[in-house]
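Source file: structure35.cif; contents: mmCIF, C-alpha atoms, pLDDT in the B column; chains and numbers go by the auth columns.
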```cif
data_upload
loop_
_atom_site.group_PDB
_atom_site.id
_atom_site.type_symbol
_atom_site.label_atom_id
_atom_site.label_comp_id
_atom_site.label_asym_id
_atom_site.label_seq_id
_atom_site.Cartn_x
_atom_site.Cartn_y
_atom_site.Cartn_z
_atom_site.B_iso_or_equiv
_atom_site.auth_seq_id
_atom_site.auth_asym_id
ATOM 1 C CA MET A 1 263.581 98.564 158.203 53.00 298 A
ATOM 2 C CA THR A 2 266.618 100.884 158.099 61.00 299 A
ATOM 3 C CA ARG A 3 266.974 102.745 154.825 67.00 300 A
ATOM 4 C CA PRO A 4 270.385 103.407 153.283 85.00 301 A
ATOM 5 C CA ALA A 5 271.724 106.798 154.277 92.00 302 A
ATOM 6 C CA ARG A 6 271.430 109.302 151.456 94.00 303 A
ATOM 7 C CA PHE A 7 271.734 113.047 151.845 95.00 304 A
ATOM 8 C CA ASP A 8 268.946 114.720 149.876 96.00 305 A
ATOM 9 C CA GLU A 9 269.406 118.344 148.806 95.00 306 A
ATOM 10 C CA ILE A 10 265.702 118.795 148.054 97.00 307 A
ATOM 11 C CA ILE A 11 264.636 117.701 151.534 97.00 308 A
ATOM 12 C CA HIS A 12 267.466 119.406 153.402 95.00 309 A
ATOM 13 C CA ALA A 13 266.162 122.949 152.833 96.00 310 A
ATOM 14 C CA PRO A 14 264.955 123.930 156.347 96.00 311 A
ATOM 15 C CA LYS A 15 261.265 124.439 155.548 97.00 312 A
ATOM 16 C CA ARG A 16 261.016 121.362 153.361 98.00 313 A
ATOM 17 C CA LEU A 17 262.778 119.322 156.048 98.00 314 A
ATOM 18 C CA ARG A 18 260.150 120.460 158.562 98.00 315 A
ATOM 19 C CA ILE A 19 257.315 119.708 156.143 98.00 316 A
ATOM 20 C CA CYS A 20 258.631 116.165 155.658 98.00 317 A
ATOM 21 C CA ALA A 21 259.238 115.733 159.396 98.00 318 A
ATOM 22 C CA PHE A 22 255.637 116.740 160.101 98.00 319 A
ATOM 23 C CA LEU A 23 254.175 114.449 157.433 98.00 320 A
ATOM 24 C CA ASP A 24 256.433 111.459 158.105 97.00 321 A
ATOM 25 C CA PRO A 25 254.633 110.050 161.186 96.00 322 A
ATOM 26 C CA VAL A 26 251.119 110.436 159.744 97.00 323 A
ATOM 27 C CA ASP A 27 249.239 109.282 156.662 96.00 324 A
ATOM 28 C CA ALA A 28 248.129 112.788 155.757 97.00 325 A
ATOM 29 C CA ALA A 29 247.923 116.273 157.215 97.00 326 A
ATOM 30 C CA GLU A 30 245.779 119.223 156.328 96.00 327 A
ATOM 31 C CA PHE A 31 247.537 122.118 154.628 97.00 328 A
ATOM 32 C CA ALA A 32 246.489 124.441 157.470 96.00 329 A
ATOM 33 C CA ALA A 33 247.984 122.123 160.106 97.00 330 A
ATOM 34 C CA VAL A 34 251.315 121.994 158.273 98.00 331 A
ATOM 35 C CA ARG A 35 251.266 125.768 157.802 97.00 332 A
ATOM 36 C CA ALA A 36 250.612 126.272 161.519 96.00 333 A
ATOM 37 C CA SER A 37 253.465 123.944 162.454 96.00 334 A
ATOM 38 C CA LEU A 38 255.864 125.873 160.223 96.00 335 A
ATOM 39 C CA GLU A 39 254.455 129.303 161.098 95.00 336 A
ATOM 40 C CA VAL A 40 254.635 130.443 157.482 96.00 337 A
ATOM 41 C CA SER A 41 252.209 131.977 155.012 97.00 338 A
ATOM 42 C CA ASP A 42 250.114 130.015 152.522 96.00 339 A
ATOM 43 C CA SER A 43 252.278 131.160 149.633 97.00 340 A
ATOM 44 C CA VAL A 44 255.554 130.114 151.272 97.00 341 A
ATOM 45 C CA LEU A 45 254.174 126.689 152.123 98.00 342 A
ATOM 46 C CA SER A 46 252.697 126.297 148.636 97.00 343 A
ATOM 47 C CA LYS A 47 256.069 127.063 147.076 98.00 344 A
ATOM 48 C CA HIS A 48 257.834 124.339 149.082 98.00 345 A
ATOM 49 C CA VAL A 49 254.968 121.893 148.610 98.00 346 A
ATOM 50 C CA ALA A 50 255.290 122.387 144.856 98.00 347 A
ATOM 51 C CA VAL A 51 259.009 121.577 144.961 98.00 348 A
ATOM 52 C CA LEU A 52 258.398 118.388 146.962 98.00 349 A
ATOM 53 C CA GLU A 53 255.496 117.443 144.703 98.00 350 A
ATOM 54 C CA GLU A 54 257.599 117.963 141.591 98.00 351 A
ATOM 55 C CA ALA A 55 260.265 115.693 143.080 98.00 352 A
ATOM 56 C CA GLY A 56 257.630 113.002 143.575 98.00 353 A
ATOM 57 C CA TYR A 57 258.017 113.183 147.366 98.00 354 A
ATOM 58 C CA LEU A 58 254.631 114.602 148.234 98.00 355 A
ATOM 59 C CA SER A 59 251.079 114.262 146.995 98.00 356 A
ATOM 60 C CA VAL A 60 248.310 116.830 147.293 98.00 357 A
ATOM 61 C CA HIS A 61 244.652 115.972 147.355 96.00 358 A
ATOM 62 C CA LYS A 62 241.490 117.919 148.030 93.00 359 A
ATOM 63 C CA ALA A 63 238.691 116.647 150.235 82.00 360 A
ATOM 64 C CA THR A 64 235.465 118.172 151.395 78.00 361 A
ATOM 65 C CA VAL A 65 235.066 118.081 155.163 67.00 362 A
ATOM 66 C CA VAL A 66 231.862 119.505 156.625 67.00 363 A
ATOM 67 C CA SER A 67 231.055 121.239 153.315 76.00 364 A
ATOM 68 C CA ARG A 68 234.454 122.935 153.141 82.00 365 A
ATOM 69 C CA LEU A 69 237.083 122.049 150.592 88.00 366 A
ATOM 70 C CA ARG A 70 240.339 121.288 152.343 92.00 367 A
ATOM 71 C CA THR A 71 243.771 120.469 150.998 96.00 368 A
ATOM 72 C CA TRP A 72 245.552 117.440 152.367 97.00 369 A
ATOM 73 C CA LEU A 73 249.239 116.642 152.019 98.00 370 A
ATOM 74 C CA SER A 74 250.952 113.296 152.351 98.00 371 A
ATOM 75 C CA LEU A 75 254.396 111.903 151.693 98.00 372 A
ATOM 76 C CA THR A 76 254.605 109.436 148.837 98.00 373 A
ATOM 77 C CA ALA A 77 256.450 106.131 149.237 97.00 374 A
ATOM 78 C CA ALA A 78 259.417 107.720 147.464 97.00 375 A
ATOM 79 C CA GLY A 79 259.187 110.705 149.806 98.00 376 A
ATOM 80 C CA ARG A 80 259.225 108.484 152.881 96.00 377 A
ATOM 81 C CA ARG A 81 262.236 106.566 151.546 96.00 378 A
ATOM 82 C CA ALA A 82 264.075 109.796 150.772 97.00 379 A
ATOM 83 C CA PHE A 83 263.269 111.286 154.175 97.00 380 A
ATOM 84 C CA ASP A 84 264.366 108.103 155.977 96.00 381 A
ATOM 85 C CA GLY A 85 267.592 108.095 153.994 96.00 382 A
ATOM 86 C CA HIS A 86 268.158 111.777 154.700 97.00 383 A
ATOM 87 C CA CYS A 87 267.657 111.317 158.455 96.00 384 A
ATOM 88 C CA ALA A 88 270.092 108.397 158.402 94.00 385 A
ATOM 89 C CA ALA A 89 272.609 110.525 156.490 95.00 386 A
ATOM 90 C CA LEU A 90 272.334 113.338 159.038 94.00 387 A
ATOM 91 C CA ARG A 91 272.915 110.870 161.877 91.00 388 A
ATOM 92 C CA GLU A 92 275.938 109.414 160.083 91.00 389 A
ATOM 93 C CA MET A 93 277.416 112.859 159.615 87.00 390 A
ATOM 94 C CA LEU A 94 277.495 113.426 163.358 80.00 391 A
ATOM 95 C CA PRO A 95 280.413 111.821 165.214 68.00 392 A
ATOM 96 C CA PRO A 96 279.394 108.588 167.024 60.00 393 A
ATOM 97 C CA ASP A 97 279.786 110.249 170.407 56.00 394 A
ATOM 98 C CA GLY A 98 278.208 113.458 169.249 53.00 395 A
ATOM 99 C CA PRO A 99 274.607 113.684 170.324 52.00 396 A
ATOM 100 C CA VAL A 100 272.806 116.913 169.601 53.00 397 A
ATOM 101 C CA SER A 101 273.413 119.257 172.482 54.00 398 A
ATOM 102 C CA ASP A 102 272.231 122.739 173.272 52.00 399 A
ATOM 103 C CA ALA A 103 275.748 123.937 172.531 53.00 400 A
ATOM 104 C CA ASP A 104 275.392 122.703 168.952 51.00 401 A
ATOM 105 C CA LEU A 105 272.238 124.727 168.536 53.00 402 A
ATOM 106 C CA SER A 106 273.571 127.982 169.957 47.00 403 A
ATOM 107 C CA MET B 1 283.914 118.273 161.057 59.00 219 B
ATOM 108 C CA SER B 2 283.713 122.049 160.946 69.00 220 B
ATOM 109 C CA ASP B 3 281.521 123.779 163.474 79.00 221 B
ATOM 110 C CA PRO B 4 279.113 125.387 160.959 82.00 222 B
ATOM 111 C CA VAL B 5 278.456 121.994 159.330 84.00 223 B
ATOM 112 C CA ARG B 6 278.001 120.319 162.683 85.00 224 B
ATOM 113 C CA GLN B 7 275.667 123.104 163.769 88.00 225 B
ATOM 114 C CA ASP B 8 273.638 122.755 160.549 90.00 226 B
ATOM 115 C CA ILE B 9 273.210 119.022 161.127 92.00 227 B
ATOM 116 C CA ALA B 10 272.352 119.538 164.788 91.00 228 B
ATOM 117 C CA GLU B 11 269.767 122.164 163.868 94.00 229 B
ATOM 118 C CA SER B 12 268.264 119.883 161.230 95.00 230 B
ATOM 119 C CA LEU B 13 267.920 116.971 163.648 94.00 231 B
ATOM 120 C CA HIS B 14 266.508 119.303 166.270 95.00 232 B
ATOM 121 C CA ALA B 15 263.959 120.647 163.749 96.00 233 B
ATOM 122 C CA ILE B 16 262.878 117.108 162.872 96.00 234 B
ATOM 123 C CA GLN B 17 262.281 116.219 166.523 96.00 235 B
ATOM 124 C CA SER B 18 260.527 119.510 167.127 96.00 236 B
ATOM 125 C CA GLN B 19 258.097 118.771 164.282 97.00 237 B
ATOM 126 C CA ARG B 20 257.455 115.278 165.605 96.00 238 B
ATOM 127 C CA GLN B 21 256.608 116.781 168.976 96.00 239 B
ATOM 128 C CA ARG B 22 254.106 119.071 167.276 96.00 240 B
ATOM 129 C CA VAL B 23 252.512 116.049 165.614 97.00 241 B
ATOM 130 C CA ALA B 24 252.419 114.213 168.956 95.00 242 B
ATOM 131 C CA GLN B 25 250.544 117.146 170.502 94.00 243 B
ATOM 132 C CA ARG B 26 247.943 117.065 167.733 94.00 244 B
ATOM 133 C CA VAL B 27 247.538 113.358 167.167 93.00 245 B
ATOM 134 C CA ALA B 28 245.461 112.533 170.255 90.00 246 B
ATOM 135 C CA SER B 29 241.859 111.580 169.482 94.00 247 B
ATOM 136 C CA PRO B 30 239.126 114.045 170.475 94.00 248 B
ATOM 137 C CA LYS B 31 237.503 113.498 173.862 93.00 249 B
ATOM 138 C CA GLY B 32 234.922 110.710 173.778 95.00 250 B
ATOM 139 C CA TYR B 33 236.108 109.492 170.362 97.00 251 B
ATOM 140 C CA HIS B 34 236.914 105.939 171.451 97.00 252 B
ATOM 141 C CA LEU B 35 233.835 105.662 173.627 97.00 253 B
ATOM 142 C CA ALA B 36 231.661 106.729 170.664 98.00 254 B
ATOM 143 C CA LEU B 37 233.469 104.231 168.443 97.00 255 B
ATOM 144 C CA GLY B 38 232.938 101.543 171.080 98.00 256 B
ATOM 145 C CA LEU B 39 229.235 102.354 171.399 98.00 257 B
ATOM 146 C CA LEU B 40 228.742 102.035 167.638 98.00 258 B
ATOM 147 C CA ILE B 41 230.479 98.649 167.654 98.00 259 B
ATOM 148 C CA GLY B 42 228.668 97.564 170.812 98.00 260 B
ATOM 149 C CA VAL B 43 225.248 98.394 169.347 98.00 261 B
ATOM 150 C CA MET B 44 226.150 96.471 166.194 97.00 262 B
ATOM 151 C CA VAL B 45 227.229 93.398 168.186 98.00 263 B
ATOM 152 C CA GLY B 46 224.248 93.659 170.537 97.00 264 B
ATOM 153 C CA SER B 47 221.851 93.885 167.581 97.00 265 B
ATOM 154 C CA LEU B 48 222.733 90.300 166.657 97.00 266 B
ATOM 155 C CA GLU B 49 220.672 89.238 169.673 96.00 267 B
ATOM 156 C CA SER B 50 217.523 90.330 167.831 96.00 268 B
ATOM 157 C CA ARG B 51 218.039 87.699 165.121 92.00 269 B
ATOM 158 C CA SER B 52 216.297 90.146 162.822 96.00 270 B
ATOM 159 C CA ALA B 53 217.972 90.993 159.533 97.00 271 B
ATOM 160 C CA VAL B 54 216.291 94.412 159.526 97.00 272 B
ATOM 161 C CA VAL B 55 217.575 95.310 163.000 97.00 273 B
ATOM 162 C CA VAL B 56 221.100 94.058 162.228 97.00 274 B
ATOM 163 C CA LEU B 57 221.152 95.920 158.919 98.00 275 B
ATOM 164 C CA ALA B 58 219.941 99.108 160.606 98.00 276 B
ATOM 165 C CA ALA B 59 222.644 98.762 163.282 98.00 277 B
ATOM 166 C CA TYR B 60 225.229 98.162 160.553 97.00 278 B
ATOM 167 C CA LEU B 61 224.127 101.302 158.712 98.00 279 B
ATOM 168 C CA VAL B 62 224.255 103.353 161.920 98.00 280 B
ATOM 169 C CA MET B 63 227.747 101.994 162.635 98.00 281 B
ATOM 170 C CA THR B 64 228.992 102.737 159.116 98.00 282 B
ATOM 171 C CA ILE B 65 227.597 106.276 159.102 98.00 283 B
ATOM 172 C CA GLY B 66 228.883 106.783 162.646 98.00 284 B
ATOM 173 C CA PHE B 67 232.380 105.702 161.613 97.00 285 B
ATOM 174 C CA GLY B 68 232.259 108.228 158.779 95.00 286 B
ATOM 175 C CA VAL B 69 231.192 111.007 161.146 95.00 287 B
ATOM 176 C CA LEU B 70 233.912 110.099 163.667 96.00 288 B
ATOM 177 C CA ILE B 71 236.586 110.058 160.969 94.00 289 B
ATOM 178 C CA GLY B 72 235.382 113.495 159.845 92.00 290 B
ATOM 179 C CA VAL B 73 235.485 114.807 163.410 93.00 291 B
ATOM 180 C CA TYR B 74 238.980 113.399 163.933 95.00 292 B
ATOM 181 C CA ARG B 75 240.260 114.973 160.715 93.00 293 B
ATOM 182 C CA GLN B 76 238.641 118.298 161.429 91.00 294 B
ATOM 183 C CA THR B 77 239.828 118.432 165.040 94.00 295 B
ATOM 184 C CA THR B 78 243.408 117.262 164.570 96.00 296 B
ATOM 185 C CA GLY B 79 244.083 118.273 160.963 95.00 297 B
ATOM 186 C CA LEU B 80 245.692 114.862 160.583 96.00 298 B
ATOM 187 C CA TRP B 81 244.846 111.414 159.373 95.00 299 B
ATOM 188 C CA VAL B 82 246.497 108.310 160.773 95.00 300 B
ATOM 189 C CA SER B 83 245.428 104.877 159.606 93.00 301 B
ATOM 190 C CA GLY B 84 244.847 102.342 162.355 93.00 302 B
ATOM 191 C CA TRP B 85 246.469 99.712 160.163 92.00 303 B
ATOM 192 C CA ARG B 86 249.986 101.048 160.501 90.00 304 B
ATOM 193 C CA ARG B 87 253.095 99.060 161.299 89.00 305 B
ATOM 194 C CA GLY B 88 254.343 99.145 164.854 91.00 306 B
ATOM 195 C CA PRO B 89 252.892 99.022 168.365 94.00 307 B
ATOM 196 C CA ALA B 90 249.882 101.251 167.589 95.00 308 B
ATOM 197 C CA GLY B 91 248.869 99.071 164.651 96.00 309 B
ATOM 198 C CA ARG B 92 249.124 96.007 166.856 97.00 310 B
ATOM 199 C CA TRP B 93 246.398 97.511 169.063 97.00 311 B
ATOM 200 C CA THR B 94 244.149 97.700 166.003 97.00 312 B
ATOM 201 C CA VAL B 95 244.817 94.032 165.287 97.00 313 B
ATOM 202 C CA GLY B 96 244.184 93.279 168.973 97.00 314 B
ATOM 203 C CA LEU B 97 240.927 95.236 168.867 97.00 315 B
ATOM 204 C CA VAL B 98 239.613 93.331 165.847 97.00 316 B
ATOM 205 C CA ALA B 99 240.805 89.968 167.223 98.00 317 B
ATOM 206 C CA GLY B 100 239.142 90.673 170.574 98.00 318 B
ATOM 207 C CA LEU B 101 235.871 91.638 168.912 98.00 319 B
ATOM 208 C CA ALA B 102 235.970 88.529 166.713 98.00 320 B
ATOM 209 C CA LEU B 103 236.541 86.412 169.822 98.00 321 B
ATOM 210 C CA LEU B 104 233.629 88.038 171.659 98.00 322 B
ATOM 211 C CA VAL B 105 231.248 87.583 168.714 98.00 323 B
ATOM 212 C CA GLY B 106 232.441 84.000 168.183 98.00 324 B
ATOM 213 C CA LEU B 107 231.912 83.124 171.855 97.00 325 B
ATOM 214 C CA ALA B 108 228.496 84.750 171.883 98.00 326 B
ATOM 215 C CA ALA B 109 227.509 82.903 168.709 97.00 327 B
ATOM 216 C CA GLY B 110 228.651 79.628 170.225 97.00 328 B
ATOM 217 C CA LEU B 111 226.606 80.214 173.384 97.00 329 B
ATOM 218 C CA GLU B 112 223.567 81.520 171.533 95.00 330 B
ATOM 219 C CA PHE B 113 223.364 79.087 168.657 94.00 331 B
ATOM 220 C CA GLY B 114 225.289 76.133 170.093 94.00 332 B
ATOM 221 C CA LEU B 115 223.950 76.003 173.629 95.00 333 B
ATOM 222 C CA GLY B 116 220.714 77.898 173.080 93.00 334 B
ATOM 223 C CA TRP B 117 221.470 80.635 175.637 94.00 335 B
ATOM 224 C CA ARG B 118 219.655 83.950 175.400 93.00 336 B
ATOM 225 C CA GLY B 119 221.466 87.233 175.803 95.00 337 B
ATOM 226 C CA PRO B 120 225.131 86.489 175.038 97.00 338 B
ATOM 227 C CA PHE B 121 225.237 89.039 172.187 97.00 339 B
ATOM 228 C CA VAL B 122 224.002 91.751 174.543 97.00 340 B
ATOM 229 C CA VAL B 123 226.800 90.902 176.978 98.00 341 B
ATOM 230 C CA ALA B 124 229.291 90.717 174.067 98.00 342 B
ATOM 231 C CA GLY B 125 228.032 94.136 172.911 98.00 343 B
ATOM 232 C CA ALA B 126 228.647 95.649 176.341 98.00 344 B
ATOM 233 C CA LEU B 127 232.102 94.064 176.516 98.00 345 B
ATOM 234 C CA SER B 128 232.810 95.341 172.982 98.00 346 B
ATOM 235 C CA VAL B 129 232.223 98.897 174.182 98.00 347 B
ATOM 236 C CA LEU B 130 234.724 98.419 177.014 98.00 348 B
ATOM 237 C CA TRP B 131 237.303 96.646 174.846 98.00 349 B
ATOM 238 C CA SER B 132 237.029 99.153 171.984 97.00 350 B
ATOM 239 C CA THR B 133 237.428 102.087 174.355 97.00 351 B
ATOM 240 C CA LEU B 134 240.408 100.515 176.109 97.00 352 B
ATOM 241 C CA ALA B 135 242.137 99.402 172.897 97.00 353 B
ATOM 242 C CA GLY B 136 241.495 102.813 171.324 96.00 354 B
ATOM 243 C CA ARG B 137 243.087 104.637 174.229 96.00 355 B
ATOM 244 C CA ARG B 138 246.067 102.267 174.126 97.00 356 B
ATOM 245 C CA PHE B 139 246.330 102.895 170.393 97.00 357 B
ATOM 246 C CA ASP B 140 246.553 106.630 171.032 96.00 358 B
ATOM 247 C CA ARG B 141 249.217 106.143 173.672 96.00 359 B
ATOM 248 C CA ALA B 142 251.268 103.818 171.451 96.00 360 B
ATOM 249 C CA LEU B 143 250.912 106.183 168.509 96.00 361 B
ATOM 250 C CA ARG B 144 252.140 109.133 170.549 95.00 362 B
ATOM 251 C CA SER B 145 255.190 107.104 171.634 95.00 363 B
ATOM 252 C CA GLU B 146 255.855 106.112 168.019 94.00 364 B
ATOM 253 C CA VAL B 147 255.667 109.707 166.847 95.00 365 B
ATOM 254 C CA LEU B 148 258.091 110.830 169.549 93.00 366 B
ATOM 255 C CA VAL B 149 260.714 108.222 168.630 88.00 367 B
ATOM 256 C CA GLU B 150 263.929 110.001 167.701 79.00 368 B
ATOM 257 C CA ARG B 151 264.756 109.921 163.989 76.00 369 B
#
```
Rewrite the coordinates I just gave you, this time as structure tokens.
Amino acid sequence: MTRPARFDEIIHAPKRLRICAFLDPVDAAEFAAVRASLEVSDSVLSKHVAVLEEAGYLSVHKATVVSRLRTWLSLTAAGRRAFDGHCAALREMLPPDGPVSDADLS
Amino acid sequence: MSDPVRQDIAESLHAIQSQRQRVAQRVASPKGYHLALGLLIGVMVGSLESRSAVVVLAAYLVMTIGFGVLIGVYRQTTGLWVSGWRRGPAGRWTVGLVAGLALLVGLAAGLEFGLGWRGPFVVAGALSVLWSTLAGRRFDRALRSEVLVER
């Protein structure tokens, strides 16, 4: 189902956008996997996770795997809706004949 | 639209796709995962041939514990968790897997208890291993395609 386009300032921050993009296709991801995908430190990731959690977009839970306590992150239903809406808003902001090209990224 | 704004949007969309590609690289099941899953299911189905509640219960326990171990291995290896019961093509393979297994067990039960044949559950167990492995691999492929879909 297509969500209504809605630009979201909380999600749009580059690192938070990448966190949401990583979590969107899965049910949950381990903190370390998200950190590796962003190539940031624990503290930087924690800071952005806290912002998303406070917004109700992300949930954090701890689970013991092979006797080690691990932190898992997942988008909440509200987070998924907001991310969908944000992606739709970004697409709408590009001209119809304006696919993302290398020139746009230079 | 001004160039800086357009560039910001383009970079954002590029970052989203880049992250999805990273997920797609990680999401594949560990080697032998689906075969192990299939063997656990196959042993469970095959155990029905024994007509012994103790044997079936033991096979059920082994399957349940085995599922738990496999889930742990998947989570530890990939750092991700993806439910099989998701919407979309990948989830349809889960439905297909369960429907296929139900069909195999139903047919075997019909042959065993209806016609008095011996051995259909063993054959159904062997076919369950093949079907589970195939459906699992197709699930992985469908999931990877889903993850790579452009947002």
Pick from B:Ala254, B:Ala353, B:Leu322, B:Val261 nearest to Arg310 (chain B), counting only C-alpha atoms: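 Ranked by minimum distance to Arg310 (chain B), first place goes to B:Ala353.
Distance-wise, CA of Pro311 (chain A) and CA of Glu364 (chain B) end up 23.2 Å apart.
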Measuring between all atoms listed in the file, which one of B:Val316, B:Phe285, B:Trp335, B:Val365 shows the shortest distance to Asp321 (chain A)? B:Val365
In Å and to one decimal, CA of Gly353 (chain A) is distant from CA of Arg304 (chain B) by 22.1 Å
If we count only C-alpha atoms, what is near Arg355 (chain B) at a cut-off of 10 Å, once residues fewer than 6 positions away on the same chain are taken out, given as an MDAnalysis selection string? chainID B and resid 246:247 251:253 311 349 361
Nearby residues (only C-alpha atoms) at most 7 Å from Met281 (chain B), same-chain spacing under 5 positions excluded, as a list in words: Leu258, Ile259 and Met262 of chain B
What does the structure give for the distance between CA of Ala310 (chain A) and CA of Ala385 (chain A), in Å to one decimal? 16.1 Å
Proximal residues of chain B relative to chain A (all atoms listed in the file; 6 Å) as JSON, numbers by chain: {"B": [225, 228, 229, 234, 237, 238, 297, 298, 299, 300, 365]}
Got a sec: who's within 8 Å of Leu349 (chain A), counting all atoms listed in the file, leaving out chain neighbours fewer than 4 positions off, as a count of residues only? 7
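Within 7 Å of the point (267.8, 113.8, 150.0), and counting all atoms listed in the file, the protein, DNA and RNA residues are Arg303, Phe304, Asp305, Glu306, Ile307, Ile308, His309, Ala379, Phe380, Gly382 and His383 of chain A.
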Pick out the closest residue to Arg240 (chain B) from this set: A:Val337, A:Arg332, A:Glu351, A:Leu342. Count only C-alpha atoms. A:Arg332
Name all residues at most 7 Å from Ala342 (chain B) (count only C-alpha atoms; drop same-chain ones fewer than 2 positions away) and give them as a VMD selection string. chain B and resid 263 to 264 322 to 323 326 338 to 340 344 to 346
May I have the residues within 12 Å of Arg336 (chain B) as a PDB file with C-alpha atoms, keeping the file's coordinate frame, using only C-alpha atoms and disregarding those fewer than 3 positions away in the same chain?
```
ATOM      1  CA  GLY B 264     224.248  93.659 170.537  1.00 97.00           C
ATOM      2  CA  LEU B 266     222.733  90.300 166.657  1.00 97.00           C
ATOM      3  CA  GLU B 267     220.672  89.238 169.673  1.00 96.00           C
ATOM      4  CA  SER B 268     217.523  90.330 167.831  1.00 96.00           C
ATOM      5  CA  ARG B 269     218.039  87.699 165.121  1.00 92.00           C
ATOM      6  CA  ALA B 326     228.496  84.750 171.883  1.00 98.00           C
ATOM      7  CA  ALA B 327     227.509  82.903 168.709  1.00 97.00           C
ATOM      8  CA  GLY B 328     228.651  79.628 170.225  1.00 97.00           C
ATOM      9  CA  LEU B 329     226.606  80.214 173.384  1.00 97.00           C
ATOM     10  CA  GLU B 330     223.567  81.520 171.533  1.00 95.00           C
ATOM     11  CA  PHE B 331     223.364  79.087 168.657  1.00 94.00           C
ATOM     12  CA  GLY B 332     225.289  76.133 170.093  1.00 94.00           C
ATOM     13  CA  LEU B 333     223.950  76.003 173.629  1.00 95.00           C
ATOM     14  CA  PHE B 339     225.237  89.039 172.187  1.00 97.00           C
ATOM     15  CA  VAL B 340     224.002  91.751 174.543  1.00 97.00           C
ATOM     16  CA  VAL B 341     226.800  90.902 176.978  1.00 98.00           C
ATOM     17  CA  ALA B 342     229.291  90.717 174.067  1.00 98.00           C
TER      18      ALA B 342
END
```
Using all atoms listed in the file - which residues lie no farther than 12 Å from the point (240.2, 97.8, 167.3) in the file's frame? Write them as JSON, numbers by chain. {"B": [252, 253, 255, 256, 259, 301, 302, 303, 308, 309, 310, 311, 312, 313, 314, 315, 316, 317, 318, 319, 320, 346, 347, 348, 349, 350, 351, 352, 353, 354, 355, 356, 357, 358]}
Residue nearest Pro248 (chain B) - candidates B:Arg224, B:Arg369, B:His232, B:Arg293, atoms counted: all atoms listed in the file: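 The shortest atom-to-atom distance to Pro248 (chain B) comes from B:Arg293.
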